[in-house]
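What follows is the content of work.pdb, which has PDB, C-alpha atoms, pLDDT in the B column:
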MODEL        1
ATOM      1  CA  VAL A   1     116.853  92.560 115.823  1.00 97.00           C
ATOM      2  CA  ILE A   2     116.187  89.928 113.159  1.00 97.00           C
ATOM      3  CA  CYS A   3     117.009  86.237 112.864  1.00 97.00           C
ATOM      4  CA  PHE A   4     116.780  84.234 109.631  1.00 96.00           C
ATOM      5  CA  THR A   5     116.062  80.528 109.244  1.00 94.00           C
ATOM      6  CA  GLY A   6     115.320  78.023 106.519  1.00 91.00           C
ATOM      7  CA  LYS A   7     115.988  77.963 102.822  1.00 90.00           C
ATOM      8  CA  GLY A   8     113.993  79.983 100.347  1.00 88.00           C
ATOM      9  CA  LYS A   9     114.351  81.784  97.073  1.00 91.00           C
ATOM     10  CA  PHE A  10     116.417  84.602  98.628  1.00 94.00           C
ATOM     11  CA  ASP A  11     120.084  84.234  99.490  1.00 92.00           C
ATOM     12  CA  ARG A  12     120.841  84.705 103.198  1.00 93.00           C
ATOM     13  CA  ARG A  13     123.526  87.302 102.384  1.00 95.00           C
ATOM     14  CA  TYR A  14     120.997  89.356 100.425  1.00 96.00           C
ATOM     15  CA  LEU A  15     118.490  89.242 103.295  1.00 96.00           C
ATOM     16  CA  THR A  16     121.180  90.205 105.814  1.00 96.00           C
ATOM     17  CA  GLU A  17     122.354  93.138 103.665  1.00 96.00           C
ATOM     18  CA  LEU A  18     118.762  94.304 103.247  1.00 96.00           C
ATOM     19  CA  ALA A  19     118.176  94.113 106.998  1.00 97.00           C
ATOM     20  CA  ASN A  20     121.412  95.954 107.816  1.00 97.00           C
ATOM     21  CA  LYS A  21     120.769  98.701 105.240  1.00 96.00           C
ATOM     22  CA  ASN A  22     117.446  99.343 106.952  1.00 95.00           C
ATOM     23  CA  GLY A  23     119.027  99.714 110.397  1.00 96.00           C
ATOM     24  CA  ASN A  24     118.432  96.215 111.733  1.00 96.00           C
ATOM     25  CA  GLU A  25     120.850  93.989 113.586  1.00 97.00           C
ATOM     26  CA  VAL A  26     120.973  90.306 112.573  1.00 97.00           C
ATOM     27  CA  LYS A  27     121.483  87.429 115.014  1.00 96.00           C
ATOM     28  CA  LYS A  28     122.130  83.775 114.137  1.00 94.00           C
ATOM     29  CA  SER A  29     120.007  82.393 116.964  1.00 94.00           C
ATOM     30  CA  ILE A  30     116.840  83.241 118.872  1.00 95.00           C
ATOM     31  CA  THR A  31     117.743  85.466 121.815  1.00 92.00           C
ATOM     32  CA  LYS A  32     115.838  87.835 124.084  1.00 92.00           C
ATOM     33  CA  ALA A  33     116.795  90.671 121.751  1.00 95.00           C
ATOM     34  CA  VAL A  34     115.243  89.154 118.603  1.00 97.00           C
ATOM     35  CA  THR A  35     111.956  90.775 117.596  1.00 97.00           C
ATOM     36  CA  LEU A  36     111.443  89.167 114.159  1.00 97.00           C
ATOM     37  CA  LEU A  37     112.147  85.729 112.718  1.00 97.00           C
ATOM     38  CA  VAL A  38     112.238  85.611 108.918  1.00 97.00           C
ATOM     39  CA  VAL A  39     111.718  82.146 107.452  1.00 96.00           C
ATOM     40  CA  GLY A  40     112.191  80.693 103.990  1.00 93.00           C
ATOM     41  CA  ASP A  41     109.182  78.371 104.248  1.00 90.00           C
ATOM     42  CA  LEU A  42     106.336  78.989 106.697  1.00 89.00           C
ATOM     43  CA  THR A  43     104.995  75.454 106.268  1.00 89.00           C
ATOM     44  CA  ILE A  44     108.017  73.881 107.979  1.00 88.00           C
ATOM     45  CA  LYS A  45     108.010  74.070 111.785  1.00 88.00           C
ATOM     46  CA  SER A  46     111.725  74.290 112.592  1.00 90.00           C
ATOM     47  CA  SER A  47     113.042  74.513 116.133  1.00 92.00           C
ATOM     48  CA  LYS A  48     113.695  78.241 115.613  1.00 93.00           C
ATOM     49  CA  ILE A  49     110.085  78.831 114.581  1.00 94.00           C
ATOM     50  CA  ILE A  50     108.770  76.894 117.568  1.00 94.00           C
ATOM     51  CA  LYS A  51     111.101  78.770 119.931  1.00 95.00           C
ATOM     52  CA  ALA A  52     110.112  82.130 118.414  1.00 95.00           C
ATOM     53  CA  GLU A  53     106.400  81.362 118.752  1.00 94.00           C
ATOM     54  CA  GLU A  54     106.902  80.327 122.392  1.00 95.00           C
ATOM     55  CA  LYS A  55     108.638  83.651 123.085  1.00 95.00           C
ATOM     56  CA  GLY A  56     106.020  85.716 121.245  1.00 96.00           C
ATOM     57  CA  ILE A  57     108.430  86.748 118.486  1.00 97.00           C
ATOM     58  CA  LYS A  58     106.798  87.713 115.193  1.00 97.00           C
ATOM     59  CA  VAL A  59     107.412  85.213 112.362  1.00 97.00           C
ATOM     60  CA  MET A  60     107.393  86.414 108.740  1.00 97.00           C
ATOM     61  CA  SER A  61     108.130  84.831 105.376  1.00 96.00           C
ATOM     62  CA  ALA A  62     111.217  85.975 103.501  1.00 96.00           C
ATOM     63  CA  ASP A  63     108.944  87.029 100.616  1.00 95.00           C
ATOM     64  CA  ASP A  64     106.981  89.382 102.874  1.00 96.00           C
ATOM     65  CA  PHE A  65     110.179  90.665 104.485  1.00 96.00           C
ATOM     66  CA  VAL A  66     111.625  91.648 101.100  1.00 95.00           C
ATOM     67  CA  LYS A  67     108.319  93.240 100.015  1.00 95.00           C
ATOM     68  CA  CYS A  68     108.363  95.402 103.158  1.00 92.00           C
ATOM     69  CA  LEU A  69     111.880  96.702 102.581  1.00 89.00           C
ATOM     70  CA  VAL A  70     112.265  96.958  98.792  1.00 80.00           C
TER
ENDMDL
END
Structure rendered as structure tokens:
Amino acid sequence: VICFTGKGKFDRRYLTELANKNGNEVKKSITKAVTLLVVGDLTIKSSKIIKAEEKGIKVMSADDFVKCLV
């Protein structure tokens, strides 16, 4: 289960389609089910990033996410 946050060079719809095509579910907020948070900019510490880190959820840049799936 993946959650996206922040703005980056990739459109959120594109990232969501990519995630869904690869068998992932997408959530809008950090929940117990989320296993990956994909962020537009790793240098900005948003509340979602802080929450994910506290819960031990892996955080990845959108660039790396796309590289993994394309």
From the list A:Leu69, A:Ile49, A:Val59, A:Val39, the nearest residue to Phe10 in chain A using all atoms listed in the file is A:Val39
10 Å contact set for Lys51 in chain A, all atoms listed in the file, chain neighbours under 5 positions out, as a VMD selection string: chain A and resid 30 to 31 45 to 46 56 to 57
Of A:Asp64, A:Glu17, A:Glu53, A:Glu25, the one nearest to Val38 in chain A when counting all atoms listed in the file is A:Asp64
Got a sec: who's within 12 Å of Ser61 in chain A, counting all atoms listed in the file, leaving out chain neighbours fewer than 4 positions off, as a short mmCIF file (atom, residue, chain, number, x, y, z; two decimals) with C-alpha atoms, in the coordinates of the input?
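This is the output file out.cif:
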data_model
loop_
_atom_site.label_atom_id
_atom_site.label_comp_id
_atom_site.auth_asym_id
_atom_site.auth_seq_id
_atom_site.Cartn_x
_atom_site.Cartn_y
_atom_site.Cartn_z
CA CYS A 3 117.01 86.24 112.86
CA PHE A 4 116.78 84.23 109.63
CA THR A 5 116.06 80.53 109.24
CA GLY A 6 115.32 78.02 106.52
CA LYS A 7 115.99 77.96 102.82
CA GLY A 8 113.99 79.98 100.35
CA LYS A 9 114.35 81.78 97.07
CA PHE A 10 116.42 84.60 98.63
CA LEU A 15 118.49 89.24 103.30
CA LEU A 36 111.44 89.17 114.16
CA LEU A 37 112.15 85.73 112.72
CA VAL A 38 112.24 85.61 108.92
CA VAL A 39 111.72 82.15 107.45
CA GLY A 40 112.19 80.69 103.99
CA ASP A 41 109.18 78.37 104.25
CA LEU A 42 106.34 78.99 106.70
CA THR A 43 105.00 75.45 106.27
CA ILE A 44 108.02 73.88 107.98
CA ILE A 49 110.08 78.83 114.58
CA PHE A 65 110.18 90.66 104.48
CA VAL A 66 111.62 91.65 101.10
CA LYS A 67 108.32 93.24 100.02
CA CYS A 68 108.36 95.40 103.16
#
Which of A:Arg13, A:Lys32, A:Lys21, A:Lys27 sits closest to Ala52 in chain A [using all atoms listed in the file]: A:Lys32
Could you give me the axis-aligned bounding box of range 23-42 of chain A, with 8 Å of padding per side, as centre plus edge lengths in Å to one decimal, as JSON?
{"center_x": 114.2, "center_y": 89.0, "center_z": 114.0, "size_x": 31.8, "size_y": 37.3, "size_z": 36.1}
Would you translate the PyMOL selection byres ((chain A and resi 1) around 6) into the concrete set of residues it matches in this file, as a ChimeraX atom specification? /A:2,24-26,34-35
Could you check how far CA of Ser29 in chain A sits from CA of Asp11 in chain A, in Å to one decimal? 17.6 Å
Provide the CA of Leu18 in chain A to CA of Ala62 in chain A distance in Å, to one decimal place.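 Going from CA of Leu18 in chain A over to CA of Ala62 in chain A covers 11.2 Å.
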Block slice chain A, C-alpha atoms, emitted as a CSV table (one decimal), in the first residue's frame:
chain,number,residue,atom,x,y,z
A,1,VAL,CA,0.0,0.0,0.0
A,2,ILE,CA,1.5,3.3,-1.1
A,3,CYS,CA,0.9,6.9,-0.1
A,4,PHE,CA,2.1,9.9,-2.1
A,5,THR,CA,3.0,13.4,-0.8
A,6,GLY,CA,4.5,16.6,-2.1
A,7,LYS,CA,5.0,18.1,-5.5
A,8,GLY,CA,7.6,16.9,-7.9
A,9,LYS,CA,8.1,16.5,-11.6
A,10,PHE,CA,5.6,13.6,-11.9
A,11,ASP,CA,1.9,14.2,-11.9
A,12,ARG,CA,0.1,12.4,-9.1
A,13,ARG,CA,-2.3,10.7,-11.5
A,14,TYR,CA,0.6,9.2,-13.4
A,15,LEU,CA,2.2,7.9,-10.2
A,16,THR,CA,-1.1,6.5,-9.0
A,17,GLU,CA,-1.7,4.7,-12.4
A,18,LEU,CA,1.8,3.3,-12.3
A,19,ALA,CA,1.3,2.0,-8.7
A,20,ASN,CA,-2.1,0.5,-9.6
A,21,LYS,CA,-0.8,-1.2,-12.8
A,22,ASN,CA,1.9,-2.9,-10.6
A,23,GLY,CA,-0.6,-4.3,-8.2
A,24,ASN,CA,-0.4,-1.6,-5.5
A,25,GLU,CA,-3.2,0.1,-3.6
A,26,VAL,CA,-2.9,3.8,-3.0
A,27,LYS,CA,-4.1,5.6,0.1
A,28,LYS,CA,-4.3,9.4,0.6
A,29,SER,CA,-3.1,9.3,4.2
A,30,ILE,CA,-0.7,7.4,6.4
A,31,THR,CA,-2.4,4.4,7.8
A,32,LYS,CA,-1.3,1.1,9.4
A,33,ALA,CA,-1.6,-0.5,6.0
A,34,VAL,CA,0.8,1.9,4.2
A,35,THR,CA,4.2,0.3,3.5
A,36,LEU,CA,5.7,3.0,1.3
A,37,LEU,CA,5.6,6.8,1.2
A,38,VAL,CA,6.6,8.3,-2.1
A,39,VAL,CA,7.6,12.0,-1.9
A,40,GLY,CA,8.2,14.7,-4.5
A,41,ASP,CA,11.1,16.3,-2.6
A,42,LEU,CA,13.0,14.4,0.1
A,43,THR,CA,14.5,17.6,1.4
A,44,ILE,CA,11.2,18.9,2.8
A,45,LYS,CA,10.1,17.3,6.1
A,46,SER,CA,6.3,17.3,5.7
A,47,SER,CA,4.0,15.9,8.4
A,48,LYS,CA,3.4,12.8,6.3
A,49,ILE,CA,7.1,12.1,6.1
A,50,ILE,CA,7.6,12.6,9.8
A,51,LYS,CA,4.6,10.4,10.6
A,52,ALA,CA,5.9,7.7,8.2
A,53,GLU,CA,9.4,7.8,9.7
A,54,GLU,CA,7.9,7.4,13.2
A,55,LYS,CA,5.9,4.4,12.1
A,56,GLY,CA,8.9,2.8,10.3
A,57,ILE,CA,7.4,3.2,6.8
A,58,LYS,CA,9.9,3.3,4.0
A,59,VAL,CA,10.2,6.7,2.3
A,60,MET,CA,11.3,7.0,-1.3
A,61,SER,CA,11.6,9.8,-3.9
A,62,ALA,CA,9.2,9.9,-6.8
A,63,ASP,CA,12.2,9.7,-9.1
A,64,ASP,CA,13.3,6.4,-7.6
A,65,PHE,CA,9.8,5.0,-7.5
A,66,VAL,CA,9.3,5.6,-11.2
A,67,LYS,CA,12.8,4.1,-12.0
A,68,CYS,CA,11.8,0.9,-10.1
A,69,LEU,CA,8.5,0.4,-12.0
A,70,VAL,CA,9.3,1.7,-15.5
